[in-house]
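Visitor: Following this line is run.tsv, made up of TSV, C-alpha atoms and all ligand atoms:
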chain	number	residue	atom	x	y	z
O	1289	MET	CA	15.56	16.93	-10.28
O	1290	THR	CA	16.99	14.53	-7.73
O	1291	LYS	CA	18.37	17.26	-5.42
O	1292	GLY	CA	21.58	15.48	-4.50
O	1293	TYR	CA	20.07	12.40	-2.93
O	1294	PRO	CA	22.48	9.45	-2.62
O	1295	SER	CA	23.14	7.95	-6.04
O	1296	HIS	CA	21.01	4.83	-5.50
O	1297	VAL	CA	18.06	7.10	-4.64
O	1298	GLY	CA	18.77	9.45	-7.53
O	1299	ALA	CA	18.81	6.52	-9.95
O	1300	PHE	CA	15.37	5.41	-8.75
O	1301	LEU	CA	13.95	8.94	-8.98
O	1302	LYS	CA	15.31	9.26	-12.52
O	1303	LEU	CA	13.75	5.91	-13.42
O	1304	ILE	CA	10.28	6.85	-12.16
O	1305	GLY	CA	10.46	10.53	-13.16
O	1306	GLN	CA	9.74	11.98	-9.72
O	1307	SER	CA	11.68	14.12	-7.26
O	1308	ILE	CA	10.92	12.74	-3.76
O	1309	PRO	CA	11.79	9.12	-2.83
O	1310	ILE	CA	8.38	8.46	-1.30
O	1311	MET	CA	5.61	6.41	-2.82
O	1312	GLN	CA	1.99	6.36	-1.74
O	1313	ALA	CA	1.56	2.60	-1.38
O	1314	PRO	CA	-1.45	1.02	-3.05
O	1315	ILE	CA	-4.17	1.29	-0.44
O	1316	GLY	CA	-6.95	-0.62	-2.19
O	1317	SER	CA	-10.38	0.93	-1.92
O	1318	ALA	CA	-9.00	3.84	0.13
O	1319	ALA	CA	-7.06	5.17	-2.88
O	1320	THR	CA	-8.64	7.93	-4.94
O	1321	THR	CA	-7.76	9.85	-8.08
O	1322	ALA	CA	-7.57	13.00	-5.95
O	1323	LEU	CA	-5.04	11.37	-3.61
O	1324	ALA	CA	-2.83	10.01	-6.39
O	1325	GLY	CA	-3.04	13.35	-8.18
O	1326	ALA	CA	-2.07	15.38	-5.13
O	1327	VAL	CA	0.84	13.05	-4.25
O	1328	SER	CA	2.28	12.94	-7.78
O	1329	ARG	CA	1.89	16.68	-8.36
O	1330	ALA	CA	3.79	17.25	-5.10
O	1331	GLY	CA	6.73	15.21	-6.45
O	1332	ALA	CA	6.22	11.82	-4.78
O	1333	LEU	CA	4.72	8.79	-6.55
O	1334	GLY	CA	0.94	8.63	-6.29
O	1335	GLY	CA	-1.00	5.51	-7.10
O	1336	PHE	CA	-4.30	3.77	-7.46
O	1337	ALA	CA	-5.65	0.21	-7.13
O	1338	LEU	CA	-6.99	-1.33	-10.35
O	1339	THR	CA	-7.15	-4.95	-9.19
O	1340	TRP	CA	-10.93	-5.06	-9.15
O	1341	ALA	CA	-11.59	-2.80	-12.18
O	1342	ASN	CA	-13.08	-4.14	-15.41
O	1343	PRO	CA	-11.44	-3.01	-18.67
O	1344	GLU	CA	-13.72	0.01	-19.12
O	1345	GLU	CA	-13.25	1.16	-15.53
O	1346	ALA	CA	-9.48	0.64	-15.77
O	1347	ALA	CA	-9.17	2.69	-18.95
O	1348	SER	CA	-11.23	5.55	-17.59
O	1349	ALA	CA	-9.34	5.47	-14.26
O	1350	VAL	CA	-6.01	5.79	-16.08
O	1351	THR	CA	-7.35	8.65	-18.19
O	1352	ALA	CA	-8.57	10.42	-15.03
O	1353	LEU	CA	-5.24	9.79	-13.28
O	1354	ARG	CA	-3.29	11.21	-16.23
O	1355	ALA	CA	-5.34	14.39	-15.95
O	1356	ALA	CA	-5.13	14.54	-12.14
O	1357	THR	CA	-1.35	14.06	-12.08
O	1358	ASP	CA	-0.76	16.87	-14.54
O	1359	GLY	CA	1.83	15.05	-16.63
O	1360	ARG	CA	3.71	13.65	-13.60
O	1361	SER	CA	4.21	9.91	-13.30
O	1362	PHE	CA	1.99	7.64	-11.23
O	1363	PHE	CA	1.39	3.92	-10.82
O	1364	CYS	CA	-1.50	1.49	-10.59
O	1365	ASN	CA	-1.38	-1.72	-8.57
O	1366	PHE	CA	-2.66	-5.17	-9.44
O	1367	VAL	CA	-3.00	-7.86	-6.78
O	1368	LEU	CA	-2.40	-11.03	-8.77
O	1369	HIS	CA	-4.49	-13.20	-6.45
O	1370	PHE	CA	-7.48	-11.74	-8.35
O	1371	PRO	CA	-8.21	-11.89	-12.12
O	1372	CYS	CA	-7.10	-8.27	-12.80
O	1373	GLU	CA	-9.39	-7.95	-15.81
O	1374	GLY	CA	-8.42	-4.33	-16.44
O	1375	PHE	CA	-4.69	-4.97	-16.84
O	1376	ASP	CA	-4.43	-4.72	-20.66
O	1377	ALA	CA	-6.90	-1.84	-20.90
O	1378	ALA	CA	-4.94	0.14	-18.30
O	1379	LEU	CA	-1.73	-0.29	-20.31
O	1380	GLU	CA	-3.48	0.71	-23.54
O	1381	ALA	CA	-4.76	3.84	-21.81
O	1382	GLY	CA	-1.17	4.92	-21.10
O	1383	LEU	CA	-0.42	3.72	-17.57
O	1384	PRO	CA	3.28	4.62	-16.98
O	1385	ILE	CA	4.11	2.38	-13.99
O	1386	ILE	CA	2.49	-0.76	-12.62
O	1387	THR	CA	3.12	-2.57	-9.38
O	1388	LEU	CA	2.32	-6.23	-8.91
O	1389	SER	CA	1.74	-7.84	-5.55
O	1390	TRP	CA	0.79	-11.30	-4.31
O	1391	GLY	CA	2.28	-13.00	-7.33
O	1392	ILE	CA	4.97	-12.82	-10.00
O	1393	ASP	CA	3.87	-13.01	-13.63
O	1394	ALA	CA	6.58	-12.72	-16.29
O	1395	GLY	CA	3.92	-12.54	-19.03
O	1396	LYS	CA	2.34	-9.45	-17.44
O	1397	VAL	CA	5.78	-7.87	-16.99
O	1398	ALA	CA	6.53	-8.45	-20.68
O	1399	SER	CA	3.16	-6.95	-21.72
O	1400	ALA	CA	3.84	-3.90	-19.56
O	1401	HIS	CA	7.30	-3.47	-21.05
O	1402	ARG	CA	5.91	-3.77	-24.59
O	1403	ALA	CA	3.49	-0.96	-23.71
O	1404	GLY	CA	6.38	1.15	-22.40
O	1405	ALA	CA	5.45	0.84	-18.70
O	1406	LEU	CA	7.79	0.20	-15.79
O	1407	VAL	CA	7.06	-2.65	-13.40
O	1408	GLY	CA	7.65	-2.83	-9.65
O	1409	ILE	CA	7.10	-6.17	-7.93
O	1410	GLN	CA	6.40	-6.57	-4.21
O	1411	VAL	CA	8.52	-9.27	-2.60
O	1412	ALA	CA	8.75	-10.83	0.84
O	1413	SER	CA	12.00	-12.79	0.70
O	1414	ALA	CA	15.37	-13.04	-1.05
O	1415	LEU	CA	14.12	-15.91	-3.20
O	1416	GLY	CA	11.05	-13.88	-4.12
O	1417	ALA	CA	13.36	-11.03	-5.12
O	1418	ARG	CA	15.35	-13.35	-7.38
O	1419	LYS	CA	12.18	-14.62	-9.07
O	1420	ALA	CA	10.84	-11.07	-9.52
O	1421	LEU	CA	14.13	-10.03	-11.12
O	1422	ASP	CA	14.07	-13.10	-13.39
O	1423	ALA	CA	10.57	-12.02	-14.44
O	1424	GLY	CA	11.98	-8.62	-15.45
O	1425	ALA	CA	11.06	-6.29	-12.57
O	1426	ASP	CA	12.39	-2.72	-12.96
O	1427	PHE	CA	12.28	-2.17	-9.20
O	1428	LEU	CA	11.39	-4.20	-6.14
O	1429	ILE	CA	9.19	-3.35	-3.18
O	1430	ALA	CA	10.37	-5.18	-0.08
O	1431	GLN	CA	7.31	-5.44	2.17
O	1432	GLY	CA	8.07	-6.14	5.82
O	1433	ASN	CA	5.65	-7.75	8.25
O	1434	GLU	CA	5.14	-4.35	9.89
O	1435	ALA	CA	2.87	-3.42	6.97
O	1436	GLY	CA	-0.78	-2.49	7.22
O	1437	GLY	CA	-3.30	-4.12	4.91
O	1438	HIS	CA	-2.61	-7.54	3.44
O	1439	VAL	CA	0.89	-8.66	4.28
O	1440	GLN	CA	2.90	-11.00	2.06
O	1441	SER	CA	5.83	-10.94	4.44
O	1442	THR	CA	6.67	-12.86	7.59
O	1443	THR	CA	9.97	-10.99	8.02
O	1444	PRO	CA	10.70	-7.59	9.61
O	1445	LEU	CA	12.15	-4.99	7.25
O	1446	GLN	CA	15.48	-4.78	9.07
O	1447	ASP	CA	16.13	-8.40	8.09
O	1448	LEU	CA	14.29	-8.40	4.76
O	1449	LEU	CA	15.93	-5.31	3.23
O	1450	PRO	CA	19.55	-6.55	3.35
O	1451	ALA	CA	18.48	-9.96	2.04
O	1452	VAL	CA	16.62	-8.39	-0.90
O	1453	LEU	CA	19.41	-5.88	-1.58
O	1454	ALA	CA	21.90	-8.74	-1.82
O	1455	GLU	CA	19.85	-10.18	-4.70
O	1456	ALA	CA	18.94	-6.89	-6.37
O	1457	HIS	CA	22.42	-5.58	-7.22
O	1458	ARG	CA	21.70	-2.37	-9.18
O	1459	VAL	CA	17.91	-2.77	-9.35
O	1460	PRO	CA	16.29	-0.24	-6.98
O	1461	VAL	CA	14.62	-1.62	-3.86
O	1462	ILE	CA	12.06	0.39	-1.98
O	1463	VAL	CA	10.69	-0.61	1.39
O	1464	ALA	CA	7.13	-0.82	2.70
O	1465	GLY	CA	5.83	-1.55	6.17
O	1466	GLY	CA	5.51	0.50	9.32
O	1467	ILE	CA	6.97	3.68	7.82
O	1468	ALA	CA	5.14	6.93	8.53
O	1469	THR	CA	7.89	9.50	9.16
O	1470	ALA	CA	10.74	11.09	7.23
O	1471	ASP	CA	13.18	9.76	9.87
O	1472	SER	CA	12.12	6.20	9.03
O	1473	VAL	CA	12.49	6.91	5.31
O	1474	ALA	CA	15.98	8.34	5.97
O	1475	ARG	CA	16.97	5.25	7.97
O	1476	ALA	CA	15.77	3.00	5.14
O	1477	ILE	CA	17.76	5.04	2.62
O	1478	ALA	CA	20.86	4.81	4.82
O	1479	ALA	CA	20.35	1.04	4.86
O	1480	GLY	CA	20.34	0.92	1.06
O	1481	ALA	CA	16.69	1.44	0.09
O	1482	ALA	CA	16.00	3.72	-2.86
O	1483	GLY	CA	12.85	5.04	-1.22
O	1484	ALA	CA	9.84	4.02	0.83
O	1485	ALA	CA	6.18	3.25	0.23
O	1486	LEU	CA	3.81	4.56	2.91
O	1487	GLY	CA	0.32	3.07	3.09
O	1488	THR	CA	-1.35	3.69	6.45
O	1489	ARG	CA	0.09	7.23	6.57
O	1490	PHE	CA	-1.75	8.08	3.33
O	1491	VAL	CA	-5.01	6.49	4.53
O	1492	ALA	CA	-5.02	9.31	7.09
O	1493	THR	CA	-5.27	12.06	4.46
O	1494	VAL	CA	-8.20	14.24	3.51
O	1495	GLU	CA	-8.17	12.82	-0.04
O	1496	ALA	CA	-8.31	9.12	0.97
O	1497	ALA	CA	-11.60	7.23	0.75
O	1498	ALA	CA	-11.57	6.20	4.41
O	1499	HIS	CA	-14.41	6.76	6.90
O	1500	ASP	CA	-13.63	9.42	9.50
O	1501	VAL	CA	-14.11	6.88	12.32
O	1502	TYR	CA	-11.34	4.80	10.70
O	1503	GLN	CA	-9.11	7.85	10.24
O	1504	SER	CA	-9.68	8.97	13.86
O	1505	ALA	CA	-8.83	5.46	15.05
O	1506	LEU	CA	-5.52	5.67	13.12
O	1507	VAL	CA	-4.70	9.04	14.70
O	1508	GLY	CA	-5.42	7.64	18.18
O	1509	ALA	CA	-3.60	4.31	17.84
O	1510	SER	CA	-0.09	3.07	18.55
O	1511	ALA	CA	1.90	0.12	17.18
O	1512	LYS	CA	0.72	-2.16	19.99
O	1513	ASP	CA	-2.89	-1.67	18.83
O	1514	THR	CA	-2.08	-3.40	15.53
O	1515	VAL	CA	-2.47	-7.15	15.07
O	1516	PHE	CA	-1.17	-9.54	12.40
O	1517	THR	CA	-4.10	-11.90	11.78
O	1518	ASN	CA	-6.31	-13.72	9.31
O	1519	CYS	CA	-9.55	-12.63	11.01
O	1520	PHE	CA	-11.04	-10.42	8.26
O	1521	ASP	CA	-11.13	-12.97	5.45
O	1522	VAL	CA	-14.48	-12.43	3.69
O	1523	GLY	CA	-13.50	-11.39	0.16
O	1524	TRP	CA	-9.97	-12.77	0.36
O	1525	PRO	CA	-9.43	-15.98	2.36
O	1526	PHE	CA	-6.02	-17.26	3.48
O	1527	ALA	CA	-4.24	-13.92	3.27
O	1528	MET	CA	-2.68	-12.49	6.43
O	1529	HIS	CA	-3.27	-8.84	7.21
O	1530	ARG	CA	-2.44	-6.22	9.83
O	1531	VAL	CA	-5.32	-4.30	11.38
O	1532	LEU	CA	-6.24	-2.29	14.45
O	1533	ARG	CA	-7.61	-4.44	17.25
O	1534	ASN	CA	-11.36	-3.93	17.65
O	1535	ASP	CA	-14.36	-5.78	19.12
O	1536	THR	CA	-14.73	-8.13	16.12
O	1537	LEU	CA	-11.15	-9.34	16.49
O	1538	THR	CA	-11.23	-9.50	20.30
O	1539	GLU	CA	-14.47	-11.52	20.40
O	1540	TRP	CA	-13.24	-13.90	17.70
O	1541	GLU	CA	-10.03	-14.51	19.67
O	1542	ALA	CA	-12.00	-14.89	22.92
O	1543	SER	CA	-14.08	-17.60	21.21
O	1544	GLY	CA	-10.96	-19.57	20.32
O	1545	CYS	CA	-10.47	-18.26	16.77
O	1546	PRO	CA	-13.09	-20.57	15.20
O	1547	GLN	CA	-13.22	-20.88	11.42
O	1548	ALA	CA	-16.10	-19.66	9.25
O	1549	PRO	CA	-19.06	-20.16	9.48
O	1550	ASN	CA	-18.79	-20.60	13.27
O	1551	ARG	CA	-17.41	-17.21	14.28
O	1552	PRO	CA	-19.21	-14.84	16.65
O	1553	GLY	CA	-21.60	-12.60	14.74
O	1554	GLU	CA	-20.96	-14.43	11.46
O	1555	GLY	CA	-23.16	-12.96	8.72
O	1556	ASP	CA	-24.15	-9.81	10.68
O	1557	VAL	CA	-24.26	-6.78	8.46
O	1558	ILE	CA	-21.98	-4.35	10.25
O	1559	PHE	CA	-22.11	-1.44	7.83
O	1560	ARG	CA	-23.83	-0.32	4.66
O	1561	ARG	CA	-23.18	2.19	1.98
O	1562	GLY	CA	-26.22	2.88	-0.17
O	1563	ASP	CA	-27.62	-0.51	-1.20
O	1564	GLU	CA	-24.36	-2.32	-0.52
O	1565	THR	CA	-23.96	-4.28	2.71
O	1566	PHE	CA	-20.74	-5.42	4.38
O	1567	PRO	CA	-20.70	-8.40	6.77
O	1568	ARG	CA	-18.61	-8.78	9.88
O	1569	TYR	CA	-15.20	-10.26	8.85
O	1570	SER	CA	-15.37	-8.48	5.46
O	1571	ASP	CA	-11.97	-7.43	4.10
O	1572	THR	CA	-13.35	-4.04	3.00
O	1573	PRO	CA	-12.41	-1.14	5.29
O	1574	PRO	CA	-15.14	1.46	5.90
O	1575	MET	CA	-15.37	4.25	3.36
O	1576	PRO	CA	-16.90	7.73	3.56
O	1577	GLY	CA	-20.71	7.46	3.61
O	1578	ALA	CA	-20.66	4.07	5.37
O	1579	VAL	CA	-23.34	3.76	8.04
O	1580	GLY	CA	-23.38	1.28	10.92
O	1581	SER	CA	-20.81	-0.20	13.31
O	1582	VAL	CA	-17.88	0.97	11.23
O	1583	GLN	CA	-15.56	0.71	14.24
O	1584	SER	CA	-16.12	-3.10	14.15
O	1585	ALA	CA	-14.97	-3.38	10.52
O	1586	CYS	CA	-11.58	-4.23	9.16
O	1587	LEU	CA	-9.34	-1.24	10.00
O	1588	TYR	CA	-6.02	-1.88	8.26
O	1589	ALA	CA	-2.98	-0.30	9.92
O	1590	GLY	CA	0.77	-0.80	9.95
O	1591	THR	CA	3.04	-0.52	12.97
O	1592	GLY	CA	3.96	3.08	12.08
O	1593	VAL	CA	0.44	4.16	13.03
O	1594	GLY	CA	1.67	5.71	16.32
O	1595	ASP	CA	3.52	8.36	14.30
O	1596	ILE	CA	0.30	9.61	12.67
O	1597	LYS	CA	-0.78	12.67	14.65
O	1598	ALA	CA	-3.40	14.14	12.31
O	1599	VAL	CA	-5.36	13.67	9.12
O	1600	GLU	CA	-3.49	15.89	6.64
O	1601	HIS	CA	-3.95	17.13	3.10
O	1602	ALA	CA	-1.83	14.89	0.89
O	1603	ALA	CA	0.14	17.72	-0.75
O	1604	GLU	CA	0.99	19.22	2.65
O	1605	LEU	CA	1.99	15.81	3.97
O	1606	VAL	CA	4.32	15.18	1.03
O	1607	SER	CA	5.83	18.64	1.32
O	1608	ARG	CA	6.37	18.24	5.09
O	1609	LEU	CA	7.92	14.79	4.62
O	1610	GLU	CA	10.25	16.17	1.94
O	1611	THR	CA	11.46	18.99	4.22
O	1612	GLU	CA	11.93	16.60	7.14
O	1613	LEU	CA	13.66	14.04	4.94
O	1614	THR	CA	16.14	16.64	3.72
O	1615	ALA	CA	16.93	17.55	7.34
O	1616	ALA	CA	17.10	13.92	8.46
O	1617	LEU	CA	19.52	13.00	5.67
O	1618	ALA	CA	21.66	16.07	6.39
O	1619	ASN	CA	21.76	15.13	10.10
O	1620	THR	CA	23.14	11.73	9.26
O	1621	GLY	CA	26.03	13.59	7.61
O	1622	GLY	CA	24.87	12.34	4.24
O	1623	HIS	CA	22.76	13.93	1.56
O	1624	PRO	CA	21.10	16.03	0.29
O	1701	LIG	C1	-6.00	0.29	3.61
O	1701	LIG	C2	-4.92	-0.46	2.92
O	1701	LIG	C3	-5.19	-1.09	1.70
O	1701	LIG	C4	-4.17	-1.77	1.01
O	1701	LIG	N1	-4.44	-2.29	-0.23
O	1701	LIG	C5	-3.44	-2.82	-0.95
O	1701	LIG	C6	-3.65	-3.22	-2.30
O	1701	LIG	O1	-4.74	-3.06	-2.87
O	1701	LIG	N2	-2.60	-3.78	-2.96
O	1701	LIG	C7	-1.38	-3.95	-2.38
O	1701	LIG	O2	-0.46	-4.44	-3.03
O	1701	LIG	N3	-1.14	-3.58	-1.10
O	1701	LIG	C8	-2.14	-2.99	-0.40
O	1701	LIG	N4	-1.87	-2.57	0.89
O	1701	LIG	C9	-0.52	-2.73	1.46
O	1701	LIG	C10	0.39	-1.57	1.01
O	1701	LIG	O3	0.72	-1.73	-0.34
O	1701	LIG	C11	1.70	-1.47	1.80
O	1701	LIG	O4	2.45	-2.65	1.68
O	1701	LIG	C12	1.49	-1.16	3.26
O	1701	LIG	O5	0.48	-0.20	3.45
O	1701	LIG	C13	2.79	-0.66	3.87
O	1701	LIG	O6	2.69	-0.61	5.27
O	1701	LIG	P1	2.18	0.68	6.08
O	1701	LIG	O7	0.69	0.65	5.95
O	1701	LIG	O8	2.65	0.41	7.46
O	1701	LIG	O9	2.78	1.91	5.45
O	1701	LIG	C14	-2.88	-1.89	1.59
O	1701	LIG	C15	-2.62	-1.25	2.82
O	1701	LIG	C16	-3.60	-0.55	3.47
O	1701	LIG	C17	-3.27	0.13	4.78
What do you get writing this file as structure tokens?
Guide:
Amino acid sequence: MTKGYPSHVGAFLKLIGQSIPIMQAPIGSAATTALAGAVSRAGALGGFALTWANPEEAASAVTALRAATDGRSFFCNFVLHFPCEGFDAALEAGLPIITLSWGIDAGKVASAHRAGALVGIQVASALGARKALDAGADFLIAQGNEAGGHVQSTTPLQDLLPAVLAEAHRVPVIVAGGIATADSVARAIAAGAAGAALGTRFVATVEAAAHDVYQSALVGASAKDTVFTNCFDVGWPFAMHRVLRNDTLTEWEASGCPQAPNRPGEGDVIFRRGDETFPRYSDTPPMPGAVGSVQSACLYAGTGVGDIKAVEHAAELVSRLETELTAALANTGGHP
């Protein structure tokens, strides 16, 4: 099943029951059952965000994911800054793998283990890695400050990965942040990672719940168009994030980065979907069906965005990445 990957990669693949060392990172509201299903069926690890689900929604999401993944493994993410009301229900419904971010909770890890689930914990430092391991993490996700979306880290991956690996010993460490190509995954593997989680790359797939204006902006952008900021804080204050620069961000900076409620255009509705309205500075990225100034919304993107040349079908993307990863690893004189 593990096709001769280096042993630290093979051990991770065996642990999670998949065949390609690539994970679709949790991408919040942009994740869909169809995306997770396509990714997991193709042999990588698909996932879904259950942070904001109530128990009923969480249980039915896990049931739908089990069907969509066709018996392959998948994960659901919980951002511990929020109450995560669906956590127990998701486990009861048979969730095989959970990932925790923005917090470390040994009680939740123990509950997951009692239910037979594996737990990955996102970390941003060596000390964070030690605490996650003390809490019982089965694998670690080292998130560098190159990442799109909300960013725990202040450290680039090239410094963070060796620091986390030094703590992890035999526990697999996967990397997240700025990775959108098989070459980058291969480099991370050569540096000791057991695999990589790609977020922004999977936002630009047909199956993701992202507005086409957002997806086109990703295809047209480069790393220098991304900004690490706290501008889009409605819904989640005091959490840094990486987004594409747009007029909302530029005008806020031009005004001296004032705090709420004194920001330019504060309270303007910038897009709607059905009866729901989203104000400027909202942390919700625009979804399909959104109407309004979607280009002025929060457009999360990591520094790997310049490598995204097209919106692809998820299964084709995974298959292409697998082929390119095999070649990239062979070129380095390593495996497979
Ligand atoms: C649109 C979007 C939504 C995200 N939502 C979540 C989330 O709900 N939970 C989480 O732990 N991380 C979330 N992230 C961060 C990812 O887990 C991951 O760390 C990041 O995407 C990796 O960087 P990359 O985008 O450069 O690949 C999100 C990222 C993006 C782009």
Visitor: I want to know what sits within 12 Å of Glu1344 of chain O, based on all atoms listed in the file, with residues of the same chain fewer than 5 positions away left out; could you give that as a list in words?
Guide: Leu1338, Ala1349, Val1350, Thr1351, Glu1373, Gly1374, Phe1375, Asp1376, Ala1377, Ala1378, Glu1380 and Ala1381 of chain O
Visitor: Could you give me, as JSON lines, every chain O residue with an atom at most 6 Å from ligand LIG 1701 (chain O), plus its closest atom pair and distance in Å to one decimal, counting only C-alpha atoms and all ligand atoms, rows ordered by chain then number?
Guide:
{"residue": "O:Ala1313", "atom": "CA", "partner": "O:LIG1701", "partner_atom": "O3", "distance": 4.5}
{"residue": "O:Pro1314", "atom": "CA", "partner": "O:LIG1701", "partner_atom": "O3", "distance": 4.4}
{"residue": "O:Ile1315", "atom": "CA", "partner": "O:LIG1701", "partner_atom": "C3", "distance": 3.4}
{"residue": "O:Gly1316", "atom": "CA", "partner": "O:LIG1701", "partner_atom": "O1", "distance": 3.4}
{"residue": "O:Ala1318", "atom": "CA", "partner": "O:LIG1701", "partner_atom": "C1", "distance": 5.8}
{"residue": "O:Ala1337", "atom": "CA", "partner": "O:LIG1701", "partner_atom": "O1", "distance": 5.4}
{"residue": "O:Val1367", "atom": "CA", "partner": "O:LIG1701", "partner_atom": "N2", "distance": 5.6}
{"residue": "O:Ser1389", "atom": "CA", "partner": "O:LIG1701", "partner_atom": "O2", "distance": 4.8}
{"residue": "O:Gln1431", "atom": "CA", "partner": "O:LIG1701", "partner_atom": "O4", "distance": 5.6}
{"residue": "O:Glu1434", "atom": "CA", "partner": "O:LIG1701", "partner_atom": "O8", "distance": 5.9}
{"residue": "O:Ala1435", "atom": "CA", "partner": "O:LIG1701", "partner_atom": "O6", "distance": 3.3}
{"residue": "O:Gly1436", "atom": "CA", "partner": "O:LIG1701", "partner_atom": "O7", "distance": 3.7}
{"residue": "O:Gly1437", "atom": "CA", "partner": "O:LIG1701", "partner_atom": "C15", "distance": 3.6}
{"residue": "O:His1438", "atom": "CA", "partner": "O:LIG1701", "partner_atom": "C9", "distance": 5.6}
{"residue": "O:Ala1464", "atom": "CA", "partner": "O:LIG1701", "partner_atom": "C13", "distance": 4.5}
{"residue": "O:Gly1465", "atom": "CA", "partner": "O:LIG1701", "partner_atom": "O6", "distance": 3.4}
{"residue": "O:Gly1466", "atom": "CA", "partner": "O:LIG1701", "partner_atom": "O8", "distance": 3.4}
{"residue": "O:Ile1467", "atom": "CA", "partner": "O:LIG1701", "partner_atom": "O9", "distance": 5.1}
{"residue": "O:Leu1486", "atom": "CA", "partner": "O:LIG1701", "partner_atom": "O9", "distance": 3.8}
{"residue": "O:Gly1487", "atom": "CA", "partner": "O:LIG1701", "partner_atom": "O5", "distance": 3.3}
{"residue": "O:Thr1488", "atom": "CA", "partner": "O:LIG1701", "partner_atom": "O7", "distance": 3.7}
{"residue": "O:Tyr1588", "atom": "CA", "partner": "O:LIG1701", "partner_atom": "C17", "distance": 4.9}
{"residue": "O:Ala1589", "atom": "CA", "partner": "O:LIG1701", "partner_atom": "C17", "distance": 5.2}
{"residue": "O:Gly1590", "atom": "CA", "partner": "O:LIG1701", "partner_atom": "O8", "distance": 3.3}
{"residue": "O:Thr1591", "atom": "CA", "partner": "O:LIG1701", "partner_atom": "O8", "distance": 5.6}
{"residue": "O:Gly1592", "atom": "CA", "partner": "O:LIG1701", "partner_atom": "O8", "distance": 5.5}
Visitor: Need to verify the contact set: Gly1508 of chain O, 12 Å, all atoms listed in the file, exclusion of same-chain residues closer than 5 positions in sequence. Can you return it as a list in words?
Guide: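 Surrounding residues, per the criterion: Ala1492, Val1501, Tyr1502, Gln1503, Asp1513, Thr1514, Leu1532, Ala1589, Val1593, Gly1594, Asp1595, Ile1596, Lys1597, Ala1598 and Val1599 of chain O.
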Visitor: Could you take the residues named above and write them with C-alpha atoms, as a short mmCIF file (atom, residue, chain, number, x, y, z; two decimals), in the coordinates of the input?
Guide:
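Result saved to again.cif:
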data_model
loop_
_atom_site.label_atom_id
_atom_site.label_comp_id
_atom_site.auth_asym_id
_atom_site.auth_seq_id
_atom_site.Cartn_x
_atom_site.Cartn_y
_atom_site.Cartn_z
CA ALA O 1492 -5.02 9.31 7.09
CA VAL O 1501 -14.11 6.88 12.32
CA TYR O 1502 -11.34 4.80 10.70
CA GLN O 1503 -9.11 7.85 10.24
CA ASP O 1513 -2.89 -1.67 18.83
CA THR O 1514 -2.08 -3.40 15.53
CA LEU O 1532 -6.24 -2.29 14.45
CA ALA O 1589 -2.98 -0.30 9.92
CA VAL O 1593 0.44 4.16 13.03
CA GLY O 1594 1.67 5.71 16.32
CA ASP O 1595 3.52 8.36 14.30
CA ILE O 1596 0.30 9.61 12.67
CA LYS O 1597 -0.78 12.67 14.65
CA ALA O 1598 -3.40 14.14 12.31
CA VAL O 1599 -5.36 13.67 9.12
#
Visitor: Calculate how many Å separate atom CA of Glu1612 of chain O from atom CA of Ala1497 of chain O, rounding to one decimal.
Guide: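 Atom CA of Glu1612 of chain O sits 26.1 Å away from atom CA of Ala1497 of chain O.
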Visitor: In terms of the shortest atom-to-atom distance over all atoms listed in the file, which of O:Ala1425, O:Ala1412, O:Ala1548, O:Ala1615 is closest to Thr1443 of chain O?
Guide: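 For Thr1443 of chain O, the nearest of the candidates is O:Ala1412.
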Visitor: Taking all atoms listed in the file into account, name the residue in O:Ala1602, O:Ala1481, O:Cys1364, O:Ala1511 that is nearest to Ala1456 of chain O.
Guide: O:Ala1481
Visitor: Quick check, in Å to one decimal: how far apart do atom CA of Thr1620 of chain O and atom CA of Ala1430 of chain O lie?
Guide: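 According to the coordinates, atom CA of Thr1620 of chain O and atom CA of Ala1430 of chain O are separated by 23.2 Å.
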Visitor: For a quick check of understanding, using all atoms listed in the file, which of O:Glu1610, O:Phe1526, O:Gly1424, O:Gly1404 has the smallest distance to Ser1307 of chain O?
Guide: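 Of all the options, O:Glu1610 lies closest to Ser1307 of chain O.
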Visitor: Calculate how many Å separate atom CA of Glu1539 of chain O from atom CA of Pro1567 of chain O, rounding to one decimal.
Guide: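 Separating atom CA of Glu1539 of chain O from atom CA of Pro1567 of chain O is a distance of 15.3 Å.
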Visitor: Rank nothing, just name the residue among O:Cys1545, O:Ile1304, O:Ala1618, O:Leu1587 nearest to Ala1509 of chain O, using all atoms listed in the file.
Guide: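 With all atoms listed in the file as the atom set, the closest residue is O:Leu1587.
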Visitor: Using all atoms listed in the file for the distances, tell me which of O:Val1297, O:Val1579, O:Cys1372, O:Val1459 is nearest to Ile1477 of chain O.
Guide: O:Val1297
Visitor: Of the candidates O:Pro1371, O:Pro1309, O:Gly1553, O:Gly1382, which shows the shortest atom-to-atom distance to Ser1348 of chain O, using all atoms listed in the file?
Guide: O:Gly1382
